[in-house]
Every structure is written in structure tokens, then in C-alpha cells.
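Enquirer: structure-v7.tsv is the file, holding TSV, N, CA and C atoms:
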chain	number	residue	atom	x	y	z
A	150	MET	N	108.56	109.75	88.77
A	150	MET	CA	109.72	109.23	89.48
A	150	MET	C	110.15	107.90	88.86
A	151	SER	N	111.44	107.71	88.72
A	151	SER	CA	111.95	106.50	88.09
A	151	SER	C	112.50	105.53	89.14
A	152	LYS	N	112.49	104.26	88.77
A	152	LYS	CA	113.03	103.22	89.65
A	152	LYS	C	113.74	102.20	88.77
A	153	THR	N	114.85	101.66	89.28
A	153	THR	CA	115.65	100.71	88.51
A	153	THR	C	115.43	99.29	89.03
A	154	TYR	N	115.32	98.37	88.07
A	154	TYR	CA	115.13	96.95	88.35
A	154	TYR	C	116.21	96.15	87.63
A	155	PHE	N	116.47	94.94	88.14
A	155	PHE	CA	117.58	94.13	87.65
A	155	PHE	C	117.12	92.70	87.34
A	156	THR	N	117.84	92.06	86.39
A	156	THR	CA	117.56	90.67	86.05
A	156	THR	C	118.72	89.79	86.53
A	157	LYS	N	118.48	88.50	86.58
A	157	LYS	CA	119.53	87.55	86.93
A	157	LYS	C	120.57	87.43	85.83
A	158	GLU	N	120.25	87.95	84.64
A	158	GLU	CA	121.21	87.95	83.53
A	158	GLU	C	122.05	89.23	83.53
A	159	HIS	N	121.88	90.05	84.56
A	159	HIS	CA	122.69	91.26	84.78
A	159	HIS	C	122.38	92.40	83.83
A	160	GLU	N	121.10	92.51	83.43
A	160	GLU	CA	120.62	93.71	82.75
A	160	GLU	C	119.84	94.54	83.77
A	161	TRP	N	119.76	95.82	83.50
A	161	TRP	CA	118.94	96.71	84.33
A	161	TRP	C	117.99	97.49	83.43
A	162	VAL	N	116.89	97.92	84.03
A	162	VAL	CA	115.96	98.81	83.34
A	162	VAL	C	115.50	99.85	84.36
A	163	THR	N	115.63	101.11	83.98
A	163	THR	CA	115.13	102.21	84.79
A	163	THR	C	113.80	102.63	84.19
A	164	VAL	N	112.75	102.46	84.98
A	164	VAL	CA	111.40	102.70	84.50
A	164	VAL	C	110.90	104.06	84.96
A	165	SER	N	110.37	104.81	84.00
A	165	SER	CA	109.74	106.10	84.28
A	165	SER	C	108.47	106.15	83.43
A	166	GLY	N	107.32	106.06	84.09
A	166	GLY	CA	106.07	106.01	83.36
A	166	GLY	C	105.98	104.72	82.57
A	167	ASP	N	105.77	104.84	81.25
A	167	ASP	CA	105.69	103.63	80.42
A	167	ASP	C	106.94	103.45	79.56
A	168	GLU	N	108.04	104.09	79.98
A	168	GLU	CA	109.30	103.95	79.26
A	168	GLU	C	110.37	103.37	80.17
A	169	GLY	N	111.27	102.61	79.55
A	169	GLY	CA	112.37	102.04	80.30
A	169	GLY	C	113.68	102.27	79.57
A	170	LYS	N	114.71	102.57	80.33
A	170	LYS	CA	116.07	102.73	79.80
A	170	LYS	C	116.84	101.49	80.22
A	171	VAL	N	117.48	100.81	79.27
A	171	VAL	CA	118.07	99.49	79.50
A	171	VAL	C	119.59	99.53	79.35
A	172	GLY	N	120.27	98.77	80.19
A	172	GLY	CA	121.72	98.62	80.09
A	172	GLY	C	122.17	97.37	80.81
A	173	ILE	N	123.50	97.21	80.93
A	173	ILE	CA	124.05	96.08	81.67
A	173	ILE	C	124.63	96.59	82.99
A	174	THR	N	124.74	95.69	83.93
A	174	THR	CA	125.19	96.06	85.27
A	174	THR	C	126.72	96.16	85.35
A	175	ASP	N	127.16	96.74	86.45
A	175	ASP	CA	128.59	96.82	86.72
A	175	ASP	C	129.18	95.41	86.80
A	176	TYR	N	128.45	94.50	87.41
A	176	TYR	CA	128.90	93.10	87.50
A	176	TYR	C	129.15	92.53	86.10
A	177	ALA	N	128.22	92.77	85.18
A	177	ALA	CA	128.34	92.25	83.82
A	177	ALA	C	129.55	92.83	83.11
A	178	GLN	N	129.77	94.13	83.23
A	178	GLN	CA	130.91	94.71	82.51
A	178	GLN	C	132.22	94.23	83.10
A	179	HIS	N	132.27	93.97	84.42
A	179	HIS	CA	133.48	93.41	85.03
A	179	HIS	C	133.74	92.01	84.48
A	180	ALA	N	132.69	91.21	84.35
A	180	ALA	CA	132.83	89.85	83.84
A	180	ALA	C	133.30	89.85	82.38
A	181	LEU	N	132.82	90.83	81.61
A	181	LEU	CA	133.20	90.92	80.20
A	181	LEU	C	134.64	91.37	80.00
A	182	GLY	N	135.09	92.28	80.83
A	182	GLY	CA	136.40	92.89	80.61
A	182	GLY	C	136.24	94.10	79.69
A	183	ASP	N	137.32	94.50	79.05
A	183	ASP	CA	137.31	95.71	78.22
A	183	ASP	C	136.39	95.53	77.01
A	184	VAL	N	135.33	96.34	76.97
A	184	VAL	CA	134.37	96.27	75.86
A	184	VAL	C	134.95	97.00	74.65
A	185	VAL	N	134.89	96.32	73.48
A	185	VAL	CA	135.48	96.87	72.26
A	185	VAL	C	134.47	97.09	71.14
A	186	PHE	N	133.26	96.52	71.28
A	186	PHE	CA	132.26	96.64	70.22
A	186	PHE	C	130.87	96.46	70.81
A	187	VAL	N	129.91	97.24	70.30
A	187	VAL	CA	128.51	97.12	70.71
A	187	VAL	C	127.63	97.19	69.48
A	188	GLU	N	126.64	96.31	69.43
A	188	GLU	CA	125.62	96.37	68.38
A	188	GLU	C	124.28	96.56	69.07
A	189	LEU	N	123.58	97.62	68.70
A	189	LEU	CA	122.31	97.96	69.34
A	189	LEU	C	121.13	97.63	68.42
A	190	PRO	N	119.95	97.48	69.00
A	190	PRO	CA	118.77	97.19	68.16
A	190	PRO	C	118.36	98.42	67.35
A	191	ASP	N	117.61	98.18	66.30
A	191	ASP	CA	117.10	99.28	65.49
A	191	ASP	C	115.94	99.97	66.20
A	192	ILE	N	115.86	101.28	66.05
A	192	ILE	CA	114.71	102.03	66.58
A	192	ILE	C	113.46	101.50	65.89
A	193	GLY	N	112.43	101.26	66.69
A	193	GLY	CA	111.18	100.72	66.17
A	193	GLY	C	111.07	99.21	66.30
A	194	LYS	N	112.20	98.55	66.60
A	194	LYS	CA	112.17	97.09	66.74
A	194	LYS	C	111.34	96.72	67.97
A	195	LYS	N	110.52	95.69	67.82
A	195	LYS	CA	109.74	95.19	68.94
A	195	LYS	C	110.52	94.06	69.60
A	196	LEU	N	110.71	94.18	70.90
A	196	LEU	CA	111.48	93.21	71.66
A	196	LEU	C	110.57	92.46	72.63
A	197	ALA	N	110.82	91.18	72.77
A	197	ALA	CA	110.12	90.38	73.77
A	197	ALA	C	111.02	90.26	74.99
A	198	LYS	N	110.41	90.19	76.15
A	198	LYS	CA	111.18	89.99	77.38
A	198	LYS	C	112.02	88.73	77.23
A	199	GLY	N	113.32	88.85	77.53
A	199	GLY	CA	114.22	87.71	77.47
A	199	GLY	C	114.82	87.45	76.10
A	200	ALA	N	114.39	88.20	75.09
A	200	ALA	CA	114.91	88.02	73.74
A	200	ALA	C	116.22	88.78	73.56
A	201	GLU	N	117.04	88.32	72.63
A	201	GLU	CA	118.28	89.01	72.32
A	201	GLU	C	117.95	90.41	71.83
A	202	ALA	N	118.63	91.40	72.39
A	202	ALA	CA	118.35	92.79	72.01
A	202	ALA	C	119.60	93.50	71.49
A	203	ALA	N	120.76	93.12	72.00
A	203	ALA	CA	122.01	93.79	71.62
A	203	ALA	C	123.15	92.78	71.76
A	204	VAL	N	124.31	93.17	71.25
A	204	VAL	CA	125.52	92.35	71.36
A	204	VAL	C	126.64	93.22	71.91
A	205	VAL	N	127.39	92.65	72.84
A	205	VAL	CA	128.57	93.32	73.40
A	205	VAL	C	129.75	92.39	73.17
A	206	GLU	N	130.83	92.94	72.63
A	206	GLU	CA	132.05	92.17	72.47
A	206	GLU	C	133.15	92.82	73.30
A	207	SER	N	133.89	91.97	73.99
A	207	SER	CA	135.01	92.44	74.78
A	207	SER	C	136.27	91.71	74.33
A	208	VAL	N	137.37	92.02	74.97
A	208	VAL	CA	138.61	91.33	74.65
A	208	VAL	C	138.52	89.86	75.04
A	209	LYS	N	137.58	89.52	75.93
A	209	LYS	CA	137.41	88.13	76.39
A	209	LYS	C	136.41	87.34	75.56
A	210	ALA	N	135.27	87.95	75.22
A	210	ALA	CA	134.17	87.19	74.61
A	210	ALA	C	133.12	88.11	74.01
A	211	ALA	N	132.24	87.50	73.23
A	211	ALA	CA	131.04	88.21	72.76
A	211	ALA	C	129.88	87.72	73.62
A	212	SER	N	128.95	88.62	73.90
A	212	SER	CA	127.84	88.26	74.76
A	212	SER	C	126.57	88.95	74.28
A	213	ASP	N	125.47	88.23	74.33
A	213	ASP	CA	124.18	88.83	74.01
A	213	ASP	C	123.67	89.61	75.21
A	214	VAL	N	122.98	90.68	74.92
A	214	VAL	CA	122.25	91.44	75.94
A	214	VAL	C	120.78	91.17	75.67
A	215	PHE	N	120.08	90.72	76.69
A	215	PHE	CA	118.68	90.36	76.55
A	215	PHE	C	117.79	91.50	77.04
A	216	SER	N	116.67	91.67	76.41
A	216	SER	CA	115.74	92.70	76.84
A	216	SER	C	115.07	92.26	78.14
A	217	PRO	N	115.14	93.08	79.19
A	217	PRO	CA	114.49	92.71	80.44
A	217	PRO	C	112.98	92.90	80.41
A	218	VAL	N	112.49	93.56	79.37
A	218	VAL	CA	111.06	93.85	79.25
A	218	VAL	C	110.60	93.72	77.80
A	219	THR	N	109.30	93.60	77.62
A	219	THR	CA	108.69	93.59	76.29
A	219	THR	C	108.37	95.03	75.90
A	220	GLY	N	108.68	95.39	74.66
A	220	GLY	CA	108.34	96.73	74.21
A	220	GLY	C	109.00	97.08	72.90
A	221	GLU	N	108.81	98.33	72.50
A	221	GLU	CA	109.34	98.83	71.24
A	221	GLU	C	110.49	99.79	71.52
A	222	VAL	N	111.60	99.61	70.78
A	222	VAL	CA	112.78	100.45	70.95
A	222	VAL	C	112.46	101.87	70.48
A	223	LEU	N	112.68	102.84	71.38
A	223	LEU	CA	112.42	104.25	71.08
A	223	LEU	C	113.68	105.01	70.71
A	224	ALA	N	114.81	104.63	71.33
A	224	ALA	CA	116.07	105.34	71.11
A	224	ALA	C	117.22	104.41	71.44
A	225	VAL	N	118.38	104.70	70.87
A	225	VAL	CA	119.59	103.96	71.19
A	225	VAL	C	120.68	104.95	71.57
A	226	ASN	N	121.66	104.48	72.32
A	226	ASN	CA	122.75	105.33	72.78
A	226	ASN	C	123.93	105.20	71.82
A	227	ALA	N	123.95	106.06	70.82
A	227	ALA	CA	125.00	106.02	69.80
A	227	ALA	C	126.39	106.25	70.40
A	228	ALA	N	126.47	106.92	71.54
A	228	ALA	CA	127.77	107.21	72.16
A	228	ALA	C	128.52	105.92	72.50
A	229	ILE	N	127.81	104.86	72.91
A	229	ILE	CA	128.51	103.63	73.27
A	229	ILE	C	128.93	102.83	72.03
A	230	VAL	N	128.30	103.10	70.89
A	230	VAL	CA	128.75	102.47	69.64
A	230	VAL	C	130.07	103.11	69.22
A	231	ASP	N	130.12	104.44	69.31
A	231	ASP	CA	131.33	105.18	68.94
A	231	ASP	C	132.46	104.97	69.94
A	232	GLN	N	132.10	104.79	71.21
A	232	GLN	CA	133.10	104.65	72.27
A	232	GLN	C	132.65	103.56	73.25
A	233	PRO	N	132.82	102.28	72.87
A	233	PRO	CA	132.35	101.16	73.70
A	233	PRO	C	132.93	101.13	75.11
A	234	SER	N	134.11	101.72	75.30
A	234	SER	CA	134.74	101.72	76.63
A	234	SER	C	133.89	102.45	77.67
A	235	LEU	N	132.93	103.28	77.22
A	235	LEU	CA	132.03	103.95	78.16
A	235	LEU	C	131.27	102.93	79.01
A	236	ILE	N	131.03	101.75	78.44
A	236	ILE	CA	130.31	100.71	79.19
A	236	ILE	C	131.12	100.28	80.40
A	237	ASN	N	132.44	100.22	80.27
A	237	ASN	CA	133.28	99.88	81.40
A	237	ASN	C	133.36	101.02	82.41
A	238	GLU	N	133.28	102.24	81.92
A	238	GLU	CA	133.43	103.40	82.78
A	238	GLU	C	132.16	103.72	83.56
A	239	SER	N	130.99	103.52	82.95
A	239	SER	CA	129.74	103.96	83.57
A	239	SER	C	128.57	103.06	83.16
A	240	PRO	N	128.64	101.76	83.52
A	240	PRO	CA	127.65	100.82	83.02
A	240	PRO	C	126.22	101.07	83.50
A	241	GLU	N	126.07	101.65	84.67
A	241	GLU	CA	124.73	101.84	85.22
A	241	GLU	C	124.30	103.31	85.23
A	242	GLU	N	125.05	104.13	84.52
A	242	GLU	CA	124.69	105.55	84.45
A	242	GLU	C	124.63	106.00	82.99
A	243	GLY	N	125.74	106.49	82.47
A	243	GLY	CA	125.76	107.07	81.14
A	243	GLY	C	125.75	106.08	79.99
A	244	ALA	N	126.14	104.83	80.26
A	244	ALA	CA	126.29	103.86	79.17
A	244	ALA	C	125.05	102.97	79.00
A	245	TRP	N	123.89	103.59	79.01
A	245	TRP	CA	122.66	102.84	78.72
A	245	TRP	C	122.70	102.40	77.27
A	246	PHE	N	121.93	101.36	76.94
A	246	PHE	CA	121.95	100.80	75.59
A	246	PHE	C	120.80	101.33	74.73
A	247	PHE	N	119.58	101.24	75.25
A	247	PHE	CA	118.41	101.67	74.48
A	247	PHE	C	117.26	101.98	75.43
A	248	THR	N	116.30	102.74	74.90
A	248	THR	CA	115.07	102.97	75.64
A	248	THR	C	113.95	102.24	74.92
A	249	VAL	N	112.94	101.87	75.69
A	249	VAL	CA	111.84	101.08	75.15
A	249	VAL	C	110.53	101.57	75.74
A	250	ARG	N	109.47	101.55	74.92
A	250	ARG	CA	108.13	101.80	75.44
A	250	ARG	C	107.62	100.47	75.94
A	251	LEU	N	107.33	100.40	77.22
A	251	LEU	CA	106.93	99.15	77.86
A	251	LEU	C	105.56	98.69	77.39
A	252	ALA	N	105.48	97.43	76.99
A	252	ALA	CA	104.21	96.86	76.52
A	252	ALA	C	103.48	96.11	77.63
A	253	ALA	N	104.22	95.71	78.67
A	253	ALA	CA	103.61	94.91	79.74
A	253	ALA	C	104.21	95.34	81.09
A	254	LEU	N	103.61	96.34	81.70
A	254	LEU	CA	104.15	96.88	82.95
A	254	LEU	C	104.22	95.84	84.06
A	255	ASP	N	103.40	94.79	84.01
A	255	ASP	CA	103.42	93.77	85.06
A	255	ASP	C	104.73	92.98	85.06
A	256	GLU	N	105.49	93.02	83.98
A	256	GLU	CA	106.78	92.32	83.94
A	256	GLU	C	107.76	92.88	84.96
A	257	ILE	N	107.59	94.13	85.32
A	257	ILE	CA	108.50	94.78	86.27
A	257	ILE	C	108.50	94.03	87.60
A	258	GLY	N	107.34	93.54	88.01
A	258	GLY	CA	107.23	92.82	89.28
A	258	GLY	C	108.03	91.53	89.33
A	259	GLU	N	108.47	91.04	88.18
A	259	GLU	CA	109.25	89.81	88.12
A	259	GLU	C	110.75	90.06	88.29
A	260	MET	N	111.13	91.34	88.39
A	260	MET	CA	112.54	91.69	88.50
A	260	MET	C	112.90	92.06	89.94
A	261	MET	N	114.21	92.24	90.16
A	261	MET	CA	114.72	92.57	91.49
A	261	MET	C	114.99	94.06	91.62
A	262	ASP	N	114.77	94.59	92.82
A	262	ASP	CA	115.21	95.96	93.09
A	262	ASP	C	116.70	95.89	93.46
A	263	ARG	N	117.31	97.03	93.73
A	263	ARG	CA	118.76	97.07	94.00
A	263	ARG	C	119.15	96.17	95.17
A	264	ALA	N	118.42	96.21	96.26
A	264	ALA	CA	118.77	95.40	97.44
A	264	ALA	C	118.71	93.91	97.10
A	265	ALA	N	117.67	93.48	96.41
A	265	ALA	CA	117.54	92.07	96.04
A	265	ALA	C	118.63	91.66	95.07
A	266	TYR	N	118.98	92.55	94.14
A	266	TYR	CA	120.05	92.25	93.18
A	266	TYR	C	121.39	92.13	93.90
A	267	ASP	N	121.66	93.03	94.83
A	267	ASP	CA	122.90	92.95	95.60
A	267	ASP	C	122.98	91.64	96.37
A	268	ASP	N	121.86	91.20	96.94
A	268	ASP	CA	121.81	89.90	97.63
A	268	ASP	C	122.07	88.76	96.65
A	269	PHE	N	121.49	88.86	95.46
A	269	PHE	CA	121.70	87.87	94.41
A	269	PHE	C	123.19	87.78	94.07
A	270	LEU	N	123.85	88.92	93.93
A	270	LEU	CA	125.28	88.92	93.61
A	270	LEU	C	126.10	88.23	94.70
A	271	LYS	N	125.72	88.44	95.95
A	271	LYS	CA	126.43	87.78	97.06
A	271	LYS	C	126.30	86.27	96.95
A	272	SER	N	125.17	85.80	96.45
A	272	SER	CA	124.96	84.35	96.31
A	272	SER	C	125.85	83.76	95.21
A	273	LEU	N	126.40	84.59	94.36
A	273	LEU	CA	127.25	84.12	93.26
A	273	LEU	C	128.72	84.01	93.69
A	274	GLU	N	129.04	84.58	94.84
A	274	GLU	CA	130.44	84.59	95.28
A	274	GLU	C	130.89	83.23	95.74
Could you show the structure in this file as C-alpha cells?

Expert:
Amino acid sequence: MSKTYFTKEHEWVTVSGDEGKVGITDYAQHALGDVVFVELPDIGKKLAKGAEAAVVESVKAASDVFSPVTGEVLAVNAAIVDQPSLINESPEEGAWFFTVRLAALDEIGEMMDRAAYDDFLKSLE
């Protein structure tokens, strides 16, 4: 069974076993505006929690995407490179960025579940 966790930097990771699928939240894509370019990490790259993992460029700005967990990149979503607008259409479903083999499962406990993230968003209003 998988469960999704969120960071204060507006990344999410859906964890299933020792793998995580990473993307940005709906809040993040709204803040960015229309996404026009995405750069994803290389398969096999080792990422540290909080380290730059990807780049998203929109009509407003360029923004780094940080890895919410430590691990090795297993796969990337080539569809969002070919069609970056998918991030605006489905940021928390189909427009995932990469999957990673988790190196430190205890990091998950430092993140927010959906209810806590929604409360966090309310505090930003």
C-alpha cells in the first residue's frame, strides 16, 4: 500500500515499499504558472534529501525541485519533458518527476501527510 507525504517546499513523495515517486504539488504549479520546460535528474543519480533534483521553468520563473528523500533515481517521467504543461494539468497524479529507491526510510516521518499539508497551506494564506 502506498502513502503520499509532503514537504514545506511543496514537493510530494508517494512511498510504496522502499520506492518513492516524486513530484510537485498543485500549490507549487499554481505559484509557477504555465510550465514550459523541465529538466530531470539522470537515472542512477544519488540524491540527498533537500538537494536540488530537477528544474522547472515557467512563464514566470525558473525553480529548483528538491528531493524530499535520500536515494537513487530509478526512473524519470519523460512525458513531462516532452509536454511540460502536464505538470499544470495533473501535478499530483500523472505528472510525477522521478522515482527513487529510498535510502533512509526514517526521513518519511519528517514529512507531512495530506491533512497536515493542507493545514500548512492554510497558514500561508

Enquirer: Would you mind telling me which residue in A:Ala244, A:Ala227, A:Val214, A:Leu181 lies nearest to Glu160 in chain A when using only N, CA and C atoms?

Expert: A:Val214

Enquirer: Compare A:Gly199, A:Pro240, A:Gly258, A:Gly193 by their minimum atom-to-atom distance to Glu158 in chain A, counting only C-alpha atoms, and give me the closest one.

Expert: A:Gly199

Enquirer: Env of Ala180 in chain A: 8 Å cut, atoms = all atoms listed in the file, seq-sep filter 6 positions within chain, self excluded. Answer as a list in words.

Expert: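 Surrounding residues, per the criterion: Thr174, Lys209 and Ala210 of chain A.
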
Enquirer: Range 249-255 of chain A, all listed atoms, 8 Å padding on each side: what axis-aligned box centre and edge lengths in Å to one decimal come out, as lines of an AutoDock Vina configuration file?

Expert:
center_x = 108.2
center_y = 97.4
center_z = 80.0
size_x = 25.5
size_y = 24.9
size_z = 26.1

Enquirer: What is the atom N of Asp231 in chain A-CA of Phe215 in chain A distance in Å, reported with one decimal?

Expert: 19.5 Å

Enquirer: So that I can see what lies close to Asp167 in chain A, please list as JSON, numbers by chain the residues with an atom at most 7 Å from it, counting only N, CA and C atoms and leaving out residues fewer than 2 positions away in the same chain.

Expert: {"A": [164, 165, 169, 249, 250, 251, 252]}

Enquirer: Could you write out that same residue set with N, CA and C atoms as a PDB file, in the coordinates of the input?

Expert:
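As a result, again_16.pdb now contains:
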ATOM      1  N   VAL A 164     112.750 102.460  84.980  1.00  0.00           N
ATOM      2  CA  VAL A 164     111.400 102.700  84.500  1.00  0.00           C
ATOM      3  C   VAL A 164     110.900 104.060  84.960  1.00  0.00           C
ATOM      4  N   SER A 165     110.370 104.810  84.000  1.00  0.00           N
ATOM      5  CA  SER A 165     109.740 106.100  84.280  1.00  0.00           C
ATOM      6  C   SER A 165     108.470 106.150  83.430  1.00  0.00           C
ATOM      7  N   GLY A 169     111.270 102.610  79.550  1.00  0.00           N
ATOM      8  CA  GLY A 169     112.370 102.040  80.300  1.00  0.00           C
ATOM      9  C   GLY A 169     113.680 102.270  79.570  1.00  0.00           C
ATOM     10  N   VAL A 249     112.940 101.870  75.690  1.00  0.00           N
ATOM     11  CA  VAL A 249     111.840 101.080  75.150  1.00  0.00           C
ATOM     12  C   VAL A 249     110.530 101.570  75.740  1.00  0.00           C
ATOM     13  N   ARG A 250     109.470 101.550  74.920  1.00  0.00           N
ATOM     14  CA  ARG A 250     108.130 101.800  75.440  1.00  0.00           C
ATOM     15  C   ARG A 250     107.620 100.470  75.940  1.00  0.00           C
ATOM     16  N   LEU A 251     107.330 100.400  77.220  1.00  0.00           N
ATOM     17  CA  LEU A 251     106.930  99.150  77.860  1.00  0.00           C
ATOM     18  C   LEU A 251     105.560  98.690  77.390  1.00  0.00           C
ATOM     19  N   ALA A 252     105.480  97.430  76.990  1.00  0.00           N
ATOM     20  CA  ALA A 252     104.210  96.860  76.520  1.00  0.00           C
ATOM     21  C   ALA A 252     103.480  96.110  77.630  1.00  0.00           C
TER      22      ALA A 252
END

Enquirer: Could you check how far atom N of Met150 in chain A sits from atom C of Ala253 in chain A, in Å to one decimal?

Expert: 16.9 Å

Enquirer: So, with only N, CA and C atoms as the atoms that count, which of A:Ser151, A:Thr219, A:Asn237, A:Gln232 lies closest to Glu256 in chain A?

Expert: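 With only N, CA and C atoms as the atom set, the closest residue is A:Thr219.
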
Enquirer: Tell me which protein, DNA and RNA residues are within 10 Å of Thr153 in chain A, counting only C-alpha atoms, leaving out same-chain ones fewer than 4 positions away, and put them as a PyMOL selection string.

Expert: chain A and resi 161-165+169-171+241+257+260-263
